[in-house]
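Shown next: run18.cif, given as mmCIF, C-alpha atoms and all ligand atoms.
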```
data_upload
#
loop_
_atom_site.label_atom_id
_atom_site.label_comp_id
_atom_site.auth_asym_id
_atom_site.auth_seq_id
_atom_site.Cartn_x
_atom_site.Cartn_y
_atom_site.Cartn_z
CA MET J 1 82.34 116.87 108.06
CA SER J 2 82.05 119.39 105.23
CA ALA J 3 80.59 118.48 101.83
CA GLU J 4 83.88 118.94 100.02
CA ASN J 5 85.74 116.34 102.06
CA LYS J 6 82.97 113.80 102.59
CA ASN J 7 84.77 111.20 100.50
CA VAL J 8 88.06 111.55 102.33
CA ILE J 9 88.89 108.21 103.93
CA LEU J 10 92.44 108.93 105.06
CA GLN J 11 93.88 112.19 106.25
CA VAL J 12 97.54 112.31 107.22
CA THR J 13 98.63 115.66 108.65
CA ASN J 14 102.18 116.76 109.47
CA LEU J 15 103.29 113.18 110.06
CA ARG J 16 106.78 112.90 111.46
CA LYS J 17 108.52 109.72 112.50
CA ILE J 18 111.88 109.27 114.18
CA TYR J 19 112.86 105.79 115.31
CA GLU J 20 113.96 106.06 118.92
CA ASP J 21 116.35 103.12 118.64
CA SER J 22 118.05 104.62 115.59
CA ASP J 23 121.45 106.38 116.00
CA SER J 24 120.40 109.17 113.72
CA THR J 25 118.21 112.07 114.77
CA LYS J 26 117.04 112.37 111.18
CA ALA J 27 113.32 111.97 110.69
CA ILE J 28 112.38 108.97 108.52
CA LEU J 29 109.07 110.66 107.69
CA ASP J 30 109.29 114.43 107.75
CA ASP J 31 106.09 116.46 107.57
CA VAL J 32 104.13 114.02 105.41
CA ASN J 33 100.68 115.20 104.36
CA LEU J 34 98.27 113.00 102.45
CA SER J 35 94.58 113.06 101.77
CA LEU J 36 93.08 109.97 100.19
CA ASN J 37 89.57 109.63 98.81
CA GLU J 38 87.35 106.59 99.13
CA ASN J 39 87.98 104.03 96.36
CA ASP J 40 91.32 105.57 95.42
CA PHE J 41 93.99 103.07 94.49
CA LEU J 42 97.16 104.87 95.53
CA CYS J 43 100.47 103.43 94.39
CA ILE J 44 103.59 104.67 96.15
CA LEU J 45 107.00 104.45 94.53
CA GLY J 46 110.28 105.50 96.10
CA PRO J 47 113.90 104.53 96.62
CA SER J 48 114.76 101.81 99.10
CA GLY J 49 114.90 103.10 102.66
CA CYS J 50 112.91 106.30 102.05
CA GLY J 51 110.20 105.33 104.53
CA LYS J 52 107.39 103.66 102.52
CA THR J 53 106.97 100.72 104.89
CA THR J 54 107.27 103.06 107.87
CA LEU J 55 104.40 105.15 106.47
CA LEU J 56 102.17 102.06 106.11
CA ARG J 57 103.09 100.90 109.62
CA CYS J 58 102.12 104.31 111.02
CA ILE J 59 98.77 104.22 109.19
CA ALA J 60 98.22 100.63 110.36
CA GLY J 61 98.75 101.81 113.95
CA PHE J 62 101.91 99.80 114.65
CA GLU J 63 104.15 102.82 115.26
CA LYS J 64 104.20 105.89 117.46
CA PHE J 65 104.44 109.11 115.48
CA GLU J 66 104.05 112.88 115.64
CA GLY J 67 101.21 114.53 113.72
CA THR J 68 97.80 113.04 113.07
CA ILE J 69 96.40 110.20 110.99
CA GLU J 70 92.63 109.92 110.64
CA VAL J 71 90.72 107.11 108.99
CA ASN J 72 87.12 108.02 108.33
CA GLY J 73 87.52 110.94 110.73
CA VAL J 74 88.77 108.73 113.59
CA GLU J 75 92.31 109.21 114.87
CA VAL J 76 94.65 106.24 114.46
CA ARG J 77 96.10 105.17 117.79
CA LYS J 78 96.45 101.40 117.44
CA PRO J 79 95.82 98.64 114.90
CA ASN J 80 92.21 98.04 113.92
CA THR J 81 90.38 95.88 111.38
CA ASP J 82 89.40 99.00 109.41
CA ARG J 83 93.04 99.01 108.14
CA ILE J 84 94.73 95.79 107.16
CA LEU J 85 98.37 95.31 106.13
CA VAL J 86 99.35 92.79 103.45
CA PHE J 87 103.07 92.13 103.07
CA GLN J 88 105.45 90.87 100.43
CA ASP J 89 106.50 87.97 102.64
CA PHE J 90 104.90 84.66 101.67
CA ASN J 91 105.11 83.67 105.33
CA GLN J 92 102.51 86.11 106.62
CA LEU J 93 100.13 83.17 107.16
CA PHE J 94 100.27 80.98 110.27
CA PRO J 95 102.02 77.81 109.05
CA TRP J 96 100.25 75.61 111.62
CA LYS J 97 96.79 76.73 110.51
CA THR J 98 94.93 75.64 107.38
CA VAL J 99 93.93 78.15 104.72
CA MET J 100 90.41 78.26 106.22
CA GLN J 101 91.73 78.74 109.77
CA ASN J 102 94.06 81.51 108.59
CA VAL J 103 91.21 83.46 106.99
CA CYS J 104 88.92 82.82 109.99
CA TYR J 105 91.49 84.03 112.53
CA PRO J 106 91.01 87.82 112.18
CA LEU J 107 87.24 87.30 112.08
CA ILE J 108 87.37 86.30 115.76
CA LYS J 109 88.96 89.67 116.54
CA PHE J 110 86.41 91.27 114.25
CA GLY J 111 83.75 90.01 116.68
CA ILE J 112 82.17 87.10 114.82
CA LYS J 113 81.70 84.61 117.63
CA ASP J 114 79.93 81.85 115.71
CA LYS J 115 82.43 79.43 114.12
CA LYS J 116 80.03 78.41 111.34
CA GLU J 117 79.45 82.05 110.42
CA ARG J 118 83.20 82.69 110.37
CA GLU J 119 83.70 79.71 108.06
CA GLU J 120 80.94 80.88 105.72
CA ILE J 121 82.57 84.32 105.43
CA ALA J 122 86.02 82.77 104.95
CA LEU J 123 84.72 80.46 102.23
CA LYS J 124 83.04 83.38 100.46
CA TYR J 125 86.32 85.30 100.34
CA LEU J 126 88.36 82.24 99.42
CA GLY J 127 85.90 81.88 96.54
CA LYS J 128 86.61 85.43 95.42
CA VAL J 129 90.31 84.57 95.06
CA GLY J 130 89.56 81.17 93.51
CA LEU J 131 90.82 79.04 96.40
CA GLU J 132 87.74 77.37 97.96
CA GLN J 133 89.03 73.94 97.07
CA TYR J 134 92.28 74.61 98.97
CA LYS J 135 90.57 75.50 102.26
CA ASP J 136 92.02 72.51 104.11
CA PHE J 137 95.56 72.93 102.78
CA TYR J 138 98.39 74.27 104.94
CA PRO J 139 100.46 77.25 103.70
CA HIS J 140 103.47 75.05 102.88
CA GLN J 141 101.27 73.17 100.38
CA LEU J 142 100.57 76.38 98.40
CA SER J 143 102.52 78.29 95.76
CA GLY J 144 103.68 81.86 96.47
CA GLY J 145 100.84 83.28 94.37
CA MET J 146 98.28 81.16 96.21
CA LYS J 147 99.64 82.31 99.59
CA GLN J 148 99.27 85.95 98.51
CA ARG J 149 95.70 85.20 97.39
CA VAL J 150 94.95 83.77 100.84
CA ALA J 151 96.47 86.91 102.40
CA ILE J 152 94.20 89.06 100.22
CA ALA J 153 91.12 86.95 101.12
CA LYS J 154 92.05 87.20 104.80
CA ALA J 155 92.37 90.99 104.53
CA LEU J 156 89.10 91.48 102.62
CA ALA J 157 87.10 89.19 104.92
CA VAL J 158 87.09 91.75 107.74
CA LYS J 159 85.73 94.38 105.34
CA PRO J 160 88.46 96.96 105.95
CA LYS J 161 88.10 100.56 104.83
CA LEU J 162 91.75 100.55 103.80
CA ILE J 163 94.05 97.82 102.58
CA LEU J 164 97.71 98.68 103.03
CA MET J 165 99.81 96.58 100.67
CA ASP J 166 103.59 96.55 101.02
CA GLU J 167 105.06 95.20 97.77
CA PRO J 168 102.63 92.26 97.90
CA PHE J 169 103.55 90.86 94.49
CA ALA J 170 107.29 91.61 94.50
CA SER J 171 108.34 87.99 95.03
CA LEU J 172 106.09 86.54 92.32
CA ASP J 173 107.05 85.57 88.78
CA ALA J 174 105.96 88.05 86.08
CA MET J 175 102.98 86.01 84.85
CA THR J 176 101.52 85.33 88.31
CA ARG J 177 102.13 88.95 89.19
CA ARG J 178 100.11 90.19 86.20
CA LYS J 179 97.31 87.76 87.04
CA LEU J 180 97.16 88.91 90.64
CA GLN J 181 97.25 92.56 89.59
CA LYS J 182 94.13 92.00 87.47
CA GLU J 183 92.39 90.11 90.25
CA LEU J 184 93.24 92.80 92.80
CA LEU J 185 91.92 95.57 90.53
CA LYS J 186 88.64 93.68 90.12
CA LEU J 187 88.34 92.93 93.84
CA SER J 188 89.17 96.46 94.99
CA LYS J 189 86.25 97.69 92.87
CA SER J 190 83.75 94.98 93.76
CA GLU J 191 84.62 95.12 97.47
CA ASN J 192 84.58 98.91 97.49
CA VAL J 193 87.90 99.13 99.27
CA THR J 194 90.52 101.87 99.20
CA VAL J 195 94.06 100.65 98.59
CA ILE J 196 97.54 101.96 99.31
CA PHE J 197 99.96 99.83 97.35
CA ILE J 198 103.73 100.12 97.61
CA THR J 199 105.80 98.92 94.71
CA HIS J 200 109.25 99.34 93.21
CA ASN J 201 107.83 98.61 89.79
CA ILE J 202 106.77 101.66 87.76
CA GLN J 203 104.74 99.53 85.35
CA GLU J 204 102.80 97.99 88.24
CA ALA J 205 102.09 101.46 89.67
CA ILE J 206 100.78 102.74 86.33
CA VAL J 207 98.66 99.65 85.62
CA LEU J 208 97.05 99.66 89.07
CA GLY J 209 97.04 103.17 90.48
CA THR J 210 94.30 105.74 90.14
CA ARG J 211 96.88 107.96 91.80
CA ILE J 212 100.65 107.54 91.91
CA MET J 213 102.98 109.22 94.37
CA LEU J 214 106.71 109.16 94.69
CA MET J 215 108.44 109.39 98.03
CA SER J 216 111.83 111.01 98.25
CA ARG J 217 114.82 110.33 100.44
CA SER J 218 113.96 113.43 102.44
CA GLY J 219 111.00 111.55 103.90
CA ASN J 220 108.08 113.16 102.12
CA PHE J 221 106.32 113.13 98.76
CA LYS J 222 108.01 114.48 95.67
CA LEU J 223 105.42 113.65 92.98
CA ASP J 224 101.66 113.21 93.17
CA MET J 225 99.82 112.36 89.96
CA GLU J 226 96.27 111.35 89.10
CA ASN J 227 96.37 108.44 86.67
CA THR J 228 93.70 109.20 84.10
CA LEU J 229 94.90 106.84 81.35
CA PRO J 230 91.97 104.87 79.88
CA ARG J 231 91.65 101.38 81.38
CA PRO J 232 92.76 98.66 81.05
CA ILE J 233 96.24 100.18 81.01
CA THR J 234 99.06 98.41 79.19
CA PRO J 235 102.55 99.59 78.19
CA SER J 236 101.14 100.36 74.73
CA SER J 237 98.41 102.64 76.11
CA GLU J 238 98.58 106.23 74.90
CA GLY J 239 100.33 108.32 77.55
CA TYR J 240 101.89 105.31 79.29
CA ALA J 241 105.45 105.95 78.06
CA GLU J 242 105.34 109.61 79.11
CA MET J 243 104.12 108.70 82.57
CA TRP J 244 106.72 105.95 82.91
CA ASP J 245 109.46 108.45 81.95
CA ILE J 246 108.33 110.98 84.56
CA PHE J 247 108.54 108.44 87.39
CA ASN J 248 111.68 106.79 86.07
CA ASN J 249 113.50 110.13 85.84
CA ALA J 250 112.35 111.14 89.32
CA LEU J 251 113.52 107.80 90.73
CA ASN J 252 116.87 108.16 88.98
CA GLU J 253 117.28 111.62 90.46
CA GLU J 254 116.58 110.16 93.89
CA SER J 255 119.17 107.45 93.49
CA LEU J 256 121.77 110.05 92.48
CA SER J 257 120.96 112.34 95.41
N1 LIG W 1 112.47 99.57 113.73
C1 LIG W 1 113.35 100.43 113.20
N2 LIG W 1 114.28 101.03 113.98
C2 LIG W 1 115.15 101.92 113.47
N3 LIG W 1 115.19 102.29 112.17
C3 LIG W 1 114.30 101.71 111.35
C4 LIG W 1 113.33 100.75 111.81
N4 LIG W 1 112.57 100.37 110.74
C5 LIG W 1 113.04 101.04 109.68
N5 LIG W 1 114.06 101.85 110.03
C6 LIG W 1 114.81 102.75 109.14
O1 LIG W 1 113.87 103.63 108.55
C7 LIG W 1 114.22 103.89 107.20
C8 LIG W 1 113.02 103.63 106.31
O2 LIG W 1 112.73 102.25 106.34
P1 LIG W 1 111.51 101.65 105.54
O3 LIG W 1 111.48 100.20 105.80
O4 LIG W 1 110.29 102.43 105.84
O5 LIG W 1 111.95 101.96 104.03
P2 LIG W 1 111.27 101.53 102.67
O6 LIG W 1 111.05 102.78 101.88
O7 LIG W 1 110.09 100.68 102.93
O8 LIG W 1 112.42 100.68 101.97
P3 LIG W 1 112.33 99.41 100.98
O9 LIG W 1 111.93 99.97 99.65
O10 LIG W 1 113.73 98.88 100.96
O11 LIG W 1 111.34 98.44 101.55
C9 LIG W 1 115.45 103.04 106.91
O12 LIG W 1 116.57 103.87 107.00
C10 LIG W 1 115.45 102.01 107.99
O13 LIG W 1 116.75 101.63 108.32
MG MG W 2 109.65 98.67 102.55
#
```

Mind turning the file's structure into structure tokens?
Amino acid sequence: MSAENKNVILQVTNLRKIYEDSDSTKAILDDVNLSLNENDFLCILGPSGCGKTTLLRCIAGFEKFEGTIEVNGVEVRKPNTDRILVFQDFNQLFPWKTVMQNVCYPLIKFGIKDKKEREEIALKYLGKVGLEQYKDFYPHQLSGGMKQRVAIAKALAVKPKLILMDEPFASLDAMTRRKLQKELLKLSKSENVTVIFITHNIQEAIVLGTRIMLMSRSGNFKLDMENTLPRPITPSSEGYAEMWDIFNNALNEESLS
């Protein structure tokens, strides 16, 4: 690996995806190229149906595709605990397992054979999202925000290189959403994890992203911007309004096209 790309954690090259069961021969992802550095927090915006989820599913290893995807220099061929997906759906937890059991579950796959050790790790990560005291609760006994916190703890517990988040806060009320955004920013730094975060919310992208990209209906990226606004970023931050306008106009253009 050369010196100039030693921090590259994700390299997507000429990615093309056509769903075989789809009527259309149109590529959902068409020649997508993306290079992501370690500790980047990439937010992806884009109109509904442009292929954002498909891109995450390809990176996660759940889809067949043309082109190459490399994580830490290793080609993606199937799912692995170095890349974890977190969804919008509150029901991504096993309803028949407790909070503790849910967080422990991927640790078995991760190779931690000792139950006590798994529980210690799970408790540590539940602590990081403020939910230790709910370890014996079942998902149906939790609020939506709490379920998403468990999903984040479960993802972080396997120490992934990349967390792939597909509109994780979209179903939350505005206040809980802001709280979770702050917590996620803190955790992504302290846990040294690189994040790809899909959102339909321009404000969320600007508040969270160190880099913001916009996907177009033609199945590739239309805008790619470093977010250098001083942190913490709020709508009254200098430069915020200009950045919001750029993405809003580009999204409007996409919806007219
Ligand atoms: N399993 C599948 N088989 C066939 N077509 C699919 C499949 N999954 C998704 N698609 C199609 O691929 C396109 C992109 O879908 P995708 O879910 O990636 O969009 P998206 O950008 O995440 O949209 P949204 O913002 O609404 O979540 C859509 O046209 C969708 O119908
Ligand atoms: Mg989607």

Using all atoms listed in the file, what does the table of chain J residues within 10 Å of ligand MG 2 (chain W) look like, with each row giving the shortest atom pair and its distance in Å to one decimal, sorted by chain and ascending number, as JSON lines?
```
{"residue": "J:Gly46", "atom": "CA", "partner": "W:MG2", "partner_atom": "MG", "distance": 9.4}
{"residue": "J:Pro47", "atom": "CA", "partner": "W:MG2", "partner_atom": "MG", "distance": 9.4}
{"residue": "J:Ser48", "atom": "CA", "partner": "W:MG2", "partner_atom": "MG", "distance": 6.9}
{"residue": "J:Gly49", "atom": "CA", "partner": "W:MG2", "partner_atom": "MG", "distance": 6.9}
{"residue": "J:Cys50", "atom": "CA", "partner": "W:MG2", "partner_atom": "MG", "distance": 8.3}
{"residue": "J:Gly51", "atom": "CA", "partner": "W:MG2", "partner_atom": "MG", "distance": 7.0}
{"residue": "J:Lys52", "atom": "CA", "partner": "W:MG2", "partner_atom": "MG", "distance": 5.5}
{"residue": "J:Thr53", "atom": "CA", "partner": "W:MG2", "partner_atom": "MG", "distance": 4.1}
{"residue": "J:Thr54", "atom": "CA", "partner": "W:MG2", "partner_atom": "MG", "distance": 7.3}
{"residue": "J:Leu55", "atom": "CA", "partner": "W:MG2", "partner_atom": "MG", "distance": 9.2}
{"residue": "J:Leu56", "atom": "CA", "partner": "W:MG2", "partner_atom": "MG", "distance": 9.0}
{"residue": "J:Arg57", "atom": "CA", "partner": "W:MG2", "partner_atom": "MG", "distance": 9.9}
{"residue": "J:Phe87", "atom": "CA", "partner": "W:MG2", "partner_atom": "MG", "distance": 9.3}
{"residue": "J:Gln88", "atom": "CA", "partner": "W:MG2", "partner_atom": "MG", "distance": 9.1}
{"residue": "J:Asp166", "atom": "CA", "partner": "W:MG2", "partner_atom": "MG", "distance": 6.6}
{"residue": "J:Glu167", "atom": "CA", "partner": "W:MG2", "partner_atom": "MG", "distance": 7.5}
{"residue": "J:Ile198", "atom": "CA", "partner": "W:MG2", "partner_atom": "MG", "distance": 7.8}
{"residue": "J:Thr199", "atom": "CA", "partner": "W:MG2", "partner_atom": "MG", "distance": 8.7}
{"residue": "J:His200", "atom": "CA", "partner": "W:MG2", "partner_atom": "MG", "distance": 9.4}
```

Could you write out the selected residues, including C-alpha atoms, as an mmCIF file, keeping the file's coordinate frame?
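Dumped everything to again37.cif:
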```cif
data_model
loop_
_atom_site.group_PDB
_atom_site.id
_atom_site.type_symbol
_atom_site.label_atom_id
_atom_site.label_comp_id
_atom_site.auth_asym_id
_atom_site.auth_seq_id
_atom_site.Cartn_x
_atom_site.Cartn_y
_atom_site.Cartn_z
ATOM 1 C CA GLY J 46 110.280 105.500 96.100
ATOM 2 C CA PRO J 47 113.900 104.530 96.620
ATOM 3 C CA SER J 48 114.760 101.810 99.100
ATOM 4 C CA GLY J 49 114.900 103.100 102.660
ATOM 5 C CA CYS J 50 112.910 106.300 102.050
ATOM 6 C CA GLY J 51 110.200 105.330 104.530
ATOM 7 C CA LYS J 52 107.390 103.660 102.520
ATOM 8 C CA THR J 53 106.970 100.720 104.890
ATOM 9 C CA THR J 54 107.270 103.060 107.870
ATOM 10 C CA LEU J 55 104.400 105.150 106.470
ATOM 11 C CA LEU J 56 102.170 102.060 106.110
ATOM 12 C CA ARG J 57 103.090 100.900 109.620
ATOM 13 C CA PHE J 87 103.070 92.130 103.070
ATOM 14 C CA GLN J 88 105.450 90.870 100.430
ATOM 15 C CA ASP J 166 103.590 96.550 101.020
ATOM 16 C CA GLU J 167 105.060 95.200 97.770
ATOM 17 C CA ILE J 198 103.730 100.120 97.610
ATOM 18 C CA THR J 199 105.800 98.920 94.710
ATOM 19 C CA HIS J 200 109.250 99.340 93.210
#
```

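For the set J:Ile163, J:Met213, J:Gly219, J:Asn37, the residue with the smallest atom-to-atom gap to Leu15 in chain J is J:Gly219, counting all atoms listed in the file.
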
Calculate how many Å separate CA of Leu45 in chain J from CA of Ala170 in chain J, rounding to one decimal. 12.8 Å

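Between ligand LIG 1 (chain W) and the residues J:Met215, J:Ile152, J:Ile9, J:Ala60, the shortest atom-to-atom distance, using all atoms listed in the file, involves J:Met215.
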
Between J:Lys179, J:Lys26, J:Lys222, J:Lys78, which residue has the minimum interatomic distance to ligand LIG 1 (chain W), considering all atoms listed in the file? J:Lys26

Calculated over all atoms listed in the file, which of the candidates J:Leu180, J:Cys58, J:Ile18, J:Ile202 has the smallest distance to Arg83 in chain J?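 Residue with the minimum atom-to-atom distance to Arg83 in chain J: J:Cys58.
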
Neighbours of Thr210 in chain J within 9 Å (only C-alpha atoms; same-chain residues fewer than 4 positions away dropped), as a VMD selection string? chain J and resid 40 to 43 205 to 206 225 to 229

Selected residue, from J:Thr25, J:Thr176, J:Gln11, J:Gln203, that lies nearest to ligand LIG 1 (chain W) when counting all atoms listed in the file: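 For ligand LIG 1 (chain W), the nearest of the given residues is J:Thr25.
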
Quick one: pull the distance between atom N3 of ligand LIG 1 (chain W) and CA of Lys17 in chain J, Å, one decimal.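 Separation between atom N3 of ligand LIG 1 (chain W) and CA of Lys17 in chain J: 10.0 Å.
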
If you count all atoms listed in the file, which residues fall within 12 Å of Glu20 in chain J, apart from same-chain ones fewer than 5 positions away, as number ranges by chain? J: 25-28, 63-65

Of the candidates J:Ile121, J:Ile44, J:Val12, J:Ile108, which one gets nearest to ligand LIG 1 (chain W) if we count only C-alpha atoms and all ligand atoms?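 For ligand LIG 1 (chain W), the nearest of the given residues is J:Ile44.
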
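With CA of Glu254 in chain J on one side and CA of Val195 in chain J on the other, the separation reads 24.9 Å.
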
Find the residues around Thr234 in chain J up to 12 Å (all atoms listed in the file counted), leave out those fewer than 4 positions away in its own chain, and share them as a list of chain:residue names. J:Arg178, J:Lys182, J:Ile202, J:Gln203, J:Glu204, J:Ala205, J:Ile206, J:Val207, J:Leu208, J:Leu229, J:Pro230, J:Glu238, J:Gly239, J:Tyr240, J:Ala241, J:Met243, J:Trp244

Now that the selection is made, can you save its residues with C-alpha atoms as a CSV table (one decimal), in the frame of the given file?
```csv
chain,number,residue,atom,x,y,z
J,178,ARG,CA,100.1,90.2,86.2
J,182,LYS,CA,94.1,92.0,87.5
J,202,ILE,CA,106.8,101.7,87.8
J,203,GLN,CA,104.7,99.5,85.4
J,204,GLU,CA,102.8,98.0,88.2
J,205,ALA,CA,102.1,101.5,89.7
J,206,ILE,CA,100.8,102.7,86.3
J,207,VAL,CA,98.7,99.6,85.6
J,208,LEU,CA,97.0,99.7,89.1
J,229,LEU,CA,94.9,106.8,81.4
J,230,PRO,CA,92.0,104.9,79.9
J,238,GLU,CA,98.6,106.2,74.9
J,239,GLY,CA,100.3,108.3,77.6
J,240,TYR,CA,101.9,105.3,79.3
J,241,ALA,CA,105.4,106.0,78.1
J,243,MET,CA,104.1,108.7,82.6
J,244,TRP,CA,106.7,106.0,82.9
```

Please identify all polymer residues within 9 Å of Gln148 in chain J, counting all atoms listed in the file, omitting same-chain residues fewer than 5 positions from it, and present them as a ChimeraX atom specification. /J:86-90,92,143,153,168-169,180
